[in-house]
Structure formats: structure tokens, C-alpha cells
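Below you'll find the structure, written out as C-alpha cells, and then a few comments.
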Amino acid sequence: MTEQYLGIPVPVLSESNIPITKPDLLNMPRSNQYIWTATQRDLISHLVGLNPVLAEAGMRATEPSPNVAADLTVICHEMAGRLRKSPAQIAQELAEGFNSDPNPPTIQEAIAQKGYLNFLLNMHIFGNQAISEVETYQDHYGEQNIGEGETVVIDCSSPNVAKYMSIGHLRSTIIGESLARINRAIGYKVIRDNHLGDWGTQFGMLARAHELWADDYEELSEGTDPVKGLYKLYVRIHEEVEKEKIAERERSGLDANEDVETALEREGRRWFQRLESGDERAIELLKWATQKSLAEFQRVYDVLGSRYEYMLGESFYIPMIPRVLEYMRERNIASIDETGAIVVDLSMKNLDKLVVQKTDGTSLYSTRDLATLVARCAWFNPHRIIYVVGEDQQRYFRQIFATFDMMTGNTGPQTEHVHFGMIRLPEGKMSTRAGRVIFLEDLLTEAVDRARQKIDDLSRDLSREEKETIARQVGVGAVVFFDLGQGRERSIKFDWDSALSFTGRSAPYIQYAYARMRALLQRAQKEQMELRYDLPIEVTNQPGNALIKHLSKFPEAITRAAQTSRPDILAEYIFRAADLFTTLYDRVRIVNEPDSVRRNSLLRLTQASAQVVKNGLDLLCIEAPERM
RNA sequence: ACCCCUGUAGCUCAGCGGAUUAGAGCGCAACGUUGCGGACGUUGAGGUCGAAGGUUCGAAUCCUUUCAGGGGUGCCA
């Protein structure tokens, strides 16, 4: 029995590279069960109880400006028109009503202030609840069962065979991995599919280059460095094409910006035709190149900690192409134009035409992507498919999704292009051919080297193995945070020092705060201070209370990051958690606090902070070292 | 020509489902360790939120126009 979707049969799916795991729903809290959101909900329903008209006014509780000494606020200005009273009066009346009634237990009191209805939390009750939630759920703290029973497919990383991964691949790889973890944390079954670039005209070019010059590169022989050889072939053929273009333009007296087709390009395209029609020699070469490239990629993935359920690559979908095209033509979604190419007219959706088959009869990226969508629907029945691909393909994905919607009659899964800005070098756009390129593996190696140097300078009392592990965790963490710490949609200006920053708003700063938390907890243990969970939480200082409140907002931060596909929201959140702890650490003694109830509270707060930082770093694909 | 993204402190960036006095990091200046880890902390200087209009009791945030940078615009991926 072959699987199919839209009546199009799909290839048999091989076993996944790693087991496809479902989220541990039994241990997952329901969403909205957490104290922070529950408190807001209770607050609003309590106010509506006081004055039912408020329900229509769309009242909501928000966080006040940081300079206001309150934990939550209801802005009364927006209700003024409806209630025909001044904001100050509304706030005043509500505050009085609220304070004279029995309050929701987590709220201390309401204070009317300049038209704002401000609330103070009862930190005894709220704080106890917030910290015990972290203690109860531990590694699961922050998770929610929002996506229960649904599947998300994430298309990410997708490097090209026969080339090295550059720092340009960092974003898709790391944003994709982080989004996979975040979506899992809110209850989705997640399938990461690394859609390798292993098909297309470029491999026709490569085959031609191999045919011409393979003997010039001894790296290509078995046992040396085949990817380097393939890479050299790639660079060389593009250099040759460029030279031919210049010569051709001179010969025909054309401007530099006018495109000309060269003999080499024609030969490359012919090779691609042979590839698509199943030429065994060409396919053999490509298979070999893929195998060698995968080994290179895997080293990077191992260092970054990213894994993929599938790494199928574009070539996997080639057998589906005739049926996909047939399907589109039968339904008049695609048609042959005057040049003999098959195109999809998307003018109804205000988009340009999409070519799905070239004049020479070969397939395009678009053809393979549509086939891939069909196959993924058949295999995984996903609720949503996310493409983590650069912003330069925004227009393209609109065309693809619009075409796919026509194919399914809008009955397919949600499709979303999670686009991100390019990484730009100070010298300008990265270009392999111009030699302006930084390889991802070199960046990671340099990061680990610098971290190792730093550890040696500090001469901490650690074994060689420990130092090596920490250097990797810290160095790679710095690189990952450099990426995830910035807004997704803007382009990143790359320079070595900010990419490898170990101070300030960086992963090492957060990791350092975590290592200090662990050191404190270990010290407490060594001094026989058993944590007691029957004592109340008595923190009673500003940074401590701010930290407790912040920890209670972790689930909300995860939800927001998931809904907007923005890991940077979590990066900001975790940095803030580490920063608040560092402030607390500087202001109060924790292990040395004489009052035993206070000390116990501070230690439990430290433990909860460590748990949240660790959970958060994990969602960002950053490891949390116990010592550093 | 059109479409998308971006413009906030000297530099790199948060904030932009409007709301009480616009926030970080780096850099700069001055401090802090006989206190649980100084990869740290404290204080300070530094902003007409690209510009101009508009909506609103209230705009960095929403709308219009405009300037600047980046990306894209059928047979590459």
C-alpha cells in the first residue's frame, strides 16, 4: 500500500534517523494553569464581578512601566468613554470596591493612581506558588499542552551538497533547532526535516567540472578530502564561466550588466538533463558527493547539538515530479506557455508567475518543493509546516504556498515561511566566489579556542576534560546567542568580536550566573543546609521579588516565542533572569544569611532560578555548565 | 518601476496588539574584593526614537507621504 495525498503517490519513507518522540504530555501542565496567567485572569474576573459593564469594555491587565511601583495595572482611560466617567474616578471606585471585598489571594491591594488601577501582588502567596511550580515541574517547568495531538514539520538548515556550511547557514540551523524545541515544549510532535540541496542545475555544472578537471585535484581521491576537492571544482567552474561571460560580452559588444549564456553553462545544463533522466554515472557522482558532504555537515551539527528526524534532500522527490505536474495541468493550475515552459499563473493572488518546468524539460526548485509538500502531508499529516529560510526567498515562498493552496483547495496544513535577515560581513555581502566567506566550522573552532584561552587565563581548578567540555559549551553558546539574541527579521552585521562576546548580554554571562547558582547550592549542601519546602517564602527585597515574578512569566515567554516563531524573545527573557539573579546576588547574602527562614527562601529561589535558566538555555540550544 | 525588511544613545541592538519618567550591551569616565565565584557589580555622561503631516485625552509604537540602507522581482537555489 503506497501512501498518497491529493491522489499523488509518494515514495516510501525510510526509518527516521532518530526516533520520532512525542511530547511527554502526561507531565505537561495545561496552558493557563500557571500562576502568572491565572492571577491576571482572576484579577479581571474579580473586577468584572464588581461592575459587569466592564466586561464589554474589553478590560485587560498589563504590566506597568518599570518605574511604577506596581506589579499589574489596568488602564482606565480606555473605559472612560463607555462608562462616562473620568479615568481617575473609575480607578478610584474600582480600587475601593476591590480592596473592601475579599480579594483574589495572590493580590495584595489595588491602588488608584492618575487613572491607572495599579495592583500589588501578595508576594507571600504568589511567591510561594511561583517557586513551588518550578519545583514541581522541574525540567518540565514552562511546558504546556497547547499542541496536543498535532504535528509540526520544520524545514531547516538545508545546506548544499559539495560545499561547506558558511556562517550563512547558522541562522536556519539554529533558529530551526530552537523552534523545534520550543514547539515541542508546548506539546507539538515535531519533525525536523533537513532539506538538503542535492539537486538542480548546479550539480549539472559540478558534473561537468568533474568531467573536465577531476584529475587536477588529488583531494578528490578516496581517503583525502573529497569535499575540499568538490568545493574547488565549484569555485573553478564559476570562475571559468565568469571569464567566458566577459569574453563573450566583449566579442558581441554588450554591456557588463547584460547576461550572456556561455558554452560551459550550456554543458552544465545538459549534464543536469542527464541527471534528471537517470544517467547512472551522474547519479553515482552525486551520491558520492552527498555521502562525503554529510560527514562534513554532521561534525557541525554535533557541535551545535542539532539533530534531524529526516535529511531527505531534494533528490528524494524526483520520482513524484511527473505526477505533480500532471495534477496541476489537469486542474488548469499550471499550463504550458509560448516558450514551452510550464508556469503557474498567480495573478489572481497578485503574484508573479511561477515556473515549474523549464523549457528544456527539467525541474526547478519550485517543482521539487511542491512535491515535497505533497509528500510531507501524506507522511506526517501535519498541522503546520514551517520553513526556516532566509528573507531573500520571501516572494518565492508566497508563490509556492499560493500554488499549493490552489492544489489542495485550501484544505492543506498551515504553511509558514519563518524568514530571517542575512548575515553580512563588514566588507559586504558574502560571496564564495570572491573569497568573502567565513565557514561555520571555523567560527565554531575559533569560539571554542577563545573560550579555552579564557579558562586557562583564569586558571580554575579543573581537569583537562572539564576544561575542554566547558570551552565547547561556552564558545558554542556565545555563537548561538549571537544569532538567537537578535531579532529574527533584521540582518546581522557580523564581526568576530561581537559574535564571540563573552561579556554583557551574551551566553557566557548567563552561563556564569548559572554556574554561580550551582556553586551556591553546592556550598549550602556541603554545609548541611537541607532545603525545607514546608517553610514560607520570605524574600522581602526588591531584586528578589522581581526575580520571583520574572520566573513566573517563563511559560508566557515560551508561548509568545512559539506563536511568533521568535527565539529572541526567550533569549531576552533568559538574559533578564540571569541579570536579575546577579543583581540579587550582589545585594544580599544567600548561604551566609543568618535568618534561617530567609536563607531557606533565598536558596529555594536560587534553585528555581537555576532550573528556569537551564530550561530556557536548553530551548535556545545552549548548554548550562555546572562550573566554568 | 514595483514588492518585502530595516532606520531608536558614539557603536550593536530591545521595545512597536498606543498609556505613568524610552531600555540593554559594547565603548567612555569614576569607583567597588580581609562578604557565597571579579567571565561580576555600582555611579555617571550620552536620545528632537530618519523626516514631515495625520488619527487620539495620550504615538518610538497606528495611518499617509518622504528620505536613507539591505533584499527581491518566471526557466538559480
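In the C-alpha cells, the first chain shown is A, the next is B, and so on; residue numbers restart at 1 for each chain, and ligands run from 1 in the order shown.
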**Prompt:** If you run DSSP on this backbone, which residues of segment 317-459 of chain A come out as helix (DSSP H, G or I), and could you give them as JSON, numbers by chain?
**Reply:** {"A": [317, 318, 319, 320, 321, 322, 323, 324, 325, 326, 327, 328, 329, 330, 347, 348, 349, 365, 366, 367, 368, 369, 370, 371, 372, 373, 374, 375, 376, 377, 378, 379, 380, 391, 392, 393, 394, 395, 396, 397, 398, 399, 400, 401, 402, 403, 404, 405, 406, 407, 408, 440, 441, 442, 443, 444, 445, 446, 447, 448, 449, 450, 451, 452, 453, 454, 455, 456, 457, 458]}
**Message:** as an MDAnalysis selection string, please: the residues near Ser552 of chain A (cut-off 6 Å, only C-alpha atoms (C1' of nucleotides), same-chain neighbours under 2 positions excluded).
**Reply:** chainID A and resid 36 130 549:550 554
**Item:** Interface residues on chain B facing chain A, 7 Å, only C-alpha atoms (C1' of nucleotides), written as JSON, numbers by chain
**Value:** {"B": [5, 6, 20, 25, 36, 37, 39, 41, 71, 72, 74, 75, 77]}
Could you write those residues out with N, CA and C atoms (P, O5', C5', C4', C3', O3' and C1' of nucleotides), as a PDB file, in the first residue's frame?
ATOM      1  P     C B   5       7.341  44.202   5.446  1.00  0.00           P
ATOM      2  O5'   C B   5       8.878  44.114   5.850  1.00  0.00           O
ATOM      3  C5'   C B   5       9.400  42.926   6.447  1.00  0.00           C
ATOM      4  C4'   C B   5      10.892  43.065   6.654  1.00  0.00           C
ATOM      5  C3'   C B   5      11.333  44.253   7.495  1.00  0.00           C
ATOM      6  O3'   C B   5      11.194  44.006   8.869  1.00  0.00           O
ATOM      7  C1'   C B   5      12.676  44.117   5.568  1.00  0.00           C
ATOM      8  P     U B   6      10.919  45.246   9.857  1.00  0.00           P
ATOM      9  O5'   U B   6      12.277  46.065   9.759  1.00  0.00           O
ATOM     10  C5'   U B   6      13.444  45.597  10.428  1.00  0.00           C
ATOM     11  C4'   U B   6      14.629  46.465  10.095  1.00  0.00           C
ATOM     12  C3'   U B   6      14.550  47.920  10.554  1.00  0.00           C
ATOM     13  O3'   U B   6      14.832  48.059  11.927  1.00  0.00           O
ATOM     14  C1'   U B   6      15.352  47.853   8.348  1.00  0.00           C
ATOM     15  P     U B  20       3.509  54.660  29.838  1.00  0.00           P
ATOM     16  O5'   U B  20       3.477  55.730  31.022  1.00  0.00           O
ATOM     17  C5'   U B  20       2.790  56.972  30.850  1.00  0.00           C
ATOM     18  C4'   U B  20       2.798  57.699  32.170  1.00  0.00           C
ATOM     19  C3'   U B  20       4.161  57.696  32.868  1.00  0.00           C
ATOM     20  O3'   U B  20       4.384  58.955  33.481  1.00  0.00           O
ATOM     21  C1'   U B  20       2.514  56.728  34.278  1.00  0.00           C
ATOM     22  P     G B  25      23.659  46.772  30.693  1.00  0.00           P
ATOM     23  O5'   G B  25      24.558  46.197  29.510  1.00  0.00           O
ATOM     24  C5'   G B  25      24.610  44.794  29.284  1.00  0.00           C
ATOM     25  C4'   G B  25      25.229  44.521  27.942  1.00  0.00           C
ATOM     26  C3'   G B  25      26.550  45.223  27.676  1.00  0.00           C
ATOM     27  O3'   G B  25      27.638  44.543  28.260  1.00  0.00           O
ATOM     28  C1'   G B  25      25.135  45.500  25.816  1.00  0.00           C
ATOM     29  P     C B  36      32.865  35.591  49.681  1.00  0.00           P
ATOM     30  O5'   C B  36      31.625  34.602  49.474  1.00  0.00           O
ATOM     31  C5'   C B  36      31.424  33.566  50.412  1.00  0.00           C
ATOM     32  C4'   C B  36      30.712  32.442  49.730  1.00  0.00           C
ATOM     33  C3'   C B  36      30.842  32.491  48.206  1.00  0.00           C
ATOM     34  O3'   C B  36      31.675  31.428  47.780  1.00  0.00           O
ATOM     35  C1'   C B  36      28.531  32.620  48.866  1.00  0.00           C
ATOM     36  P     G B  37      31.788  31.138  46.176  1.00  0.00           P
ATOM     37  O5'   G B  37      31.990  32.553  45.449  1.00  0.00           O
ATOM     38  C5'   G B  37      33.079  33.351  45.516  1.00  0.00           C
ATOM     39  C4'   G B  37      33.519  33.685  44.104  1.00  0.00           C
ATOM     40  C3'   G B  37      32.565  34.596  43.340  1.00  0.00           C
ATOM     41  O3'   G B  37      33.328  35.534  42.581  1.00  0.00           O
ATOM     42  C1'   G B  37      32.967  32.644  42.098  1.00  0.00           C
ATOM     43  P     A B  39      35.888  36.328  36.903  1.00  0.00           P
ATOM     44  O5'   A B  39      34.822  36.908  35.869  1.00  0.00           O
ATOM     45  C5'   A B  39      35.151  38.018  35.058  1.00  0.00           C
ATOM     46  C4'   A B  39      34.369  37.933  33.767  1.00  0.00           C
ATOM     47  C3'   A B  39      32.868  37.783  33.979  1.00  0.00           C
ATOM     48  O3'   A B  39      32.178  38.416  32.902  1.00  0.00           O
ATOM     49  C1'   A B  39      33.659  35.931  32.791  1.00  0.00           C
ATOM     50  P     G B  41      27.350  42.591  35.907  1.00  0.00           P
ATOM     51  O5'   G B  41      27.340  43.430  37.254  1.00  0.00           O
ATOM     52  C5'   G B  41      26.552  42.998  38.352  1.00  0.00           C
ATOM     53  C4'   G B  41      26.897  43.797  39.571  1.00  0.00           C
ATOM     54  C3'   G B  41      26.670  45.297  39.455  1.00  0.00           C
ATOM     55  O3'   G B  41      25.321  45.631  39.685  1.00  0.00           O
ATOM     56  C1'   G B  41      28.802  44.900  40.385  1.00  0.00           C
ATOM     57  P     G B  71      21.970  43.806  -0.803  1.00  0.00           P
ATOM     58  O5'   G B  71      20.624  42.969  -0.754  1.00  0.00           O
ATOM     59  C5'   G B  71      20.557  41.764   0.008  1.00  0.00           C
ATOM     60  C4'   G B  71      19.156  41.238   0.036  1.00  0.00           C
ATOM     61  C3'   G B  71      18.536  40.915  -1.310  1.00  0.00           C
ATOM     62  O3'   G B  71      18.992  39.688  -1.842  1.00  0.00           O
ATOM     63  C1'   G B  71      16.973  42.087  -0.017  1.00  0.00           C
ATOM     64  P     G B  72      19.103  39.529  -3.409  1.00  0.00           P
ATOM     65  O5'   G B  72      17.580  39.502  -3.874  1.00  0.00           O
ATOM     66  C5'   G B  72      16.753  38.415  -3.505  1.00  0.00           C
ATOM     67  C4'   G B  72      15.323  38.693  -3.850  1.00  0.00           C
ATOM     68  C3'   G B  72      14.997  38.875  -5.314  1.00  0.00           C
ATOM     69  O3'   G B  72      14.945  37.647  -6.006  1.00  0.00           O
ATOM     70  C1'   G B  72      13.861  40.511  -4.058  1.00  0.00           C
ATOM     71  P     G B  74      12.408  37.736 -12.547  1.00  0.00           P
ATOM     72  O5'   G B  74      11.699  36.437 -13.112  1.00  0.00           O
ATOM     73  C5'   G B  74      11.365  35.349 -12.218  1.00  0.00           C
ATOM     74  C4'   G B  74      10.839  34.214 -12.984  1.00  0.00           C
ATOM     75  C3'   G B  74      11.538  33.802 -14.279  1.00  0.00           C
ATOM     76  O3'   G B  74      12.682  33.019 -13.968  1.00  0.00           O
ATOM     77  C1'   G B  74       9.173  33.485 -14.368  1.00  0.00           C
ATOM     78  P     C B  75      14.053  33.334 -14.729  1.00  0.00           P
ATOM     79  O5'   C B  75      14.803  31.957 -14.984  1.00  0.00           O
ATOM     80  C5'   C B  75      14.696  30.864 -14.054  1.00  0.00           C
ATOM     81  C4'   C B  75      14.358  29.614 -14.831  1.00  0.00           C
ATOM     82  C3'   C B  75      15.413  29.149 -15.811  1.00  0.00           C
ATOM     83  O3'   C B  75      16.149  28.121 -15.199  1.00  0.00           O
ATOM     84  C1'   C B  75      13.192  28.970 -16.709  1.00  0.00           C
ATOM     85  P     A B  77      17.521  25.305  -9.456  1.00  0.00           P
ATOM     86  O5'   A B  77      17.903  25.547  -7.936  1.00  0.00           O
ATOM     87  C5'   A B  77      19.188  25.179  -7.440  1.00  0.00           C
ATOM     88  C4'   A B  77      19.365  25.798  -6.087  1.00  0.00           C
ATOM     89  C3'   A B  77      18.273  25.482  -5.087  1.00  0.00           C
ATOM     90  O3'   A B  77      18.490  24.246  -4.444  1.00  0.00           O
ATOM     91  C1'   A B  77      18.654  27.804  -5.113  1.00  0.00           C
TER      92        A B  77
END
**Prompt:** If you count only C-alpha atoms (C1' of nucleotides), which residues fall within 12 Å of C16 of chain B, apart from same-chain ones fewer than 5 positions away, as a list in words?
**Reply:**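 The neighbour list is U8, A22, C49, A59, A60, U61 and C62 of chain B.
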**Message:** I want to know what sits within 9 Å of Glu96 of chain A, based on only C-alpha atoms (C1' of nucleotides), with residues of the same chain fewer than 5 positions away left out; could you give that as a PyMOL selection string?
**Reply:** chain A and resi 91+101+110-112
I'd like the neighbourhood of Val153 of chain A as a short mmCIF file (atom, residue, chain, number, x, y, z; two decimals) with C-alpha atoms, in the first residue's frame, where a residue qualifies if any of its atoms comes within 10 Å (using only C-alpha atoms (C1' of nucleotides)), though same-chain residues fewer than 2 positions away should be ignored.
data_model
loop_
_atom_site.label_atom_id
_atom_site.label_comp_id
_atom_site.auth_asym_id
_atom_site.auth_seq_id
_atom_site.Cartn_x
_atom_site.Cartn_y
_atom_site.Cartn_z
CA THR A 151 2.34 17.70 14.38
CA ASP A 155 12.24 22.56 7.26
CA CYS A 156 15.59 23.96 8.28
CA ALA A 180 11.75 22.66 17.18
CA TYR A 188 3.53 19.56 19.46
CA LYS A 189 5.05 16.49 17.94
CA VAL A 190 7.91 17.97 15.94
CA ILE A 191 9.62 16.58 12.87
CA ARG A 192 12.80 18.31 11.78
CA ASP A 193 13.48 17.72 8.11
CA ARG A 376 5.07 15.65 3.86
CA CYS A 377 1.30 15.86 4.01
CA PHE A 380 3.05 13.22 8.62
CA ASN A 381 -0.43 14.74 8.32
CA PRO A 382 0.99 17.92 9.83
CA HIS A 383 -0.98 20.71 11.36
CA ARG A 384 1.67 23.16 10.30
CA ILE A 385 4.82 23.24 8.15
CA ILE A 386 7.46 25.82 8.95
CA TYR A 387 10.19 26.83 6.52
CA THR A 415 2.35 26.80 5.79
#
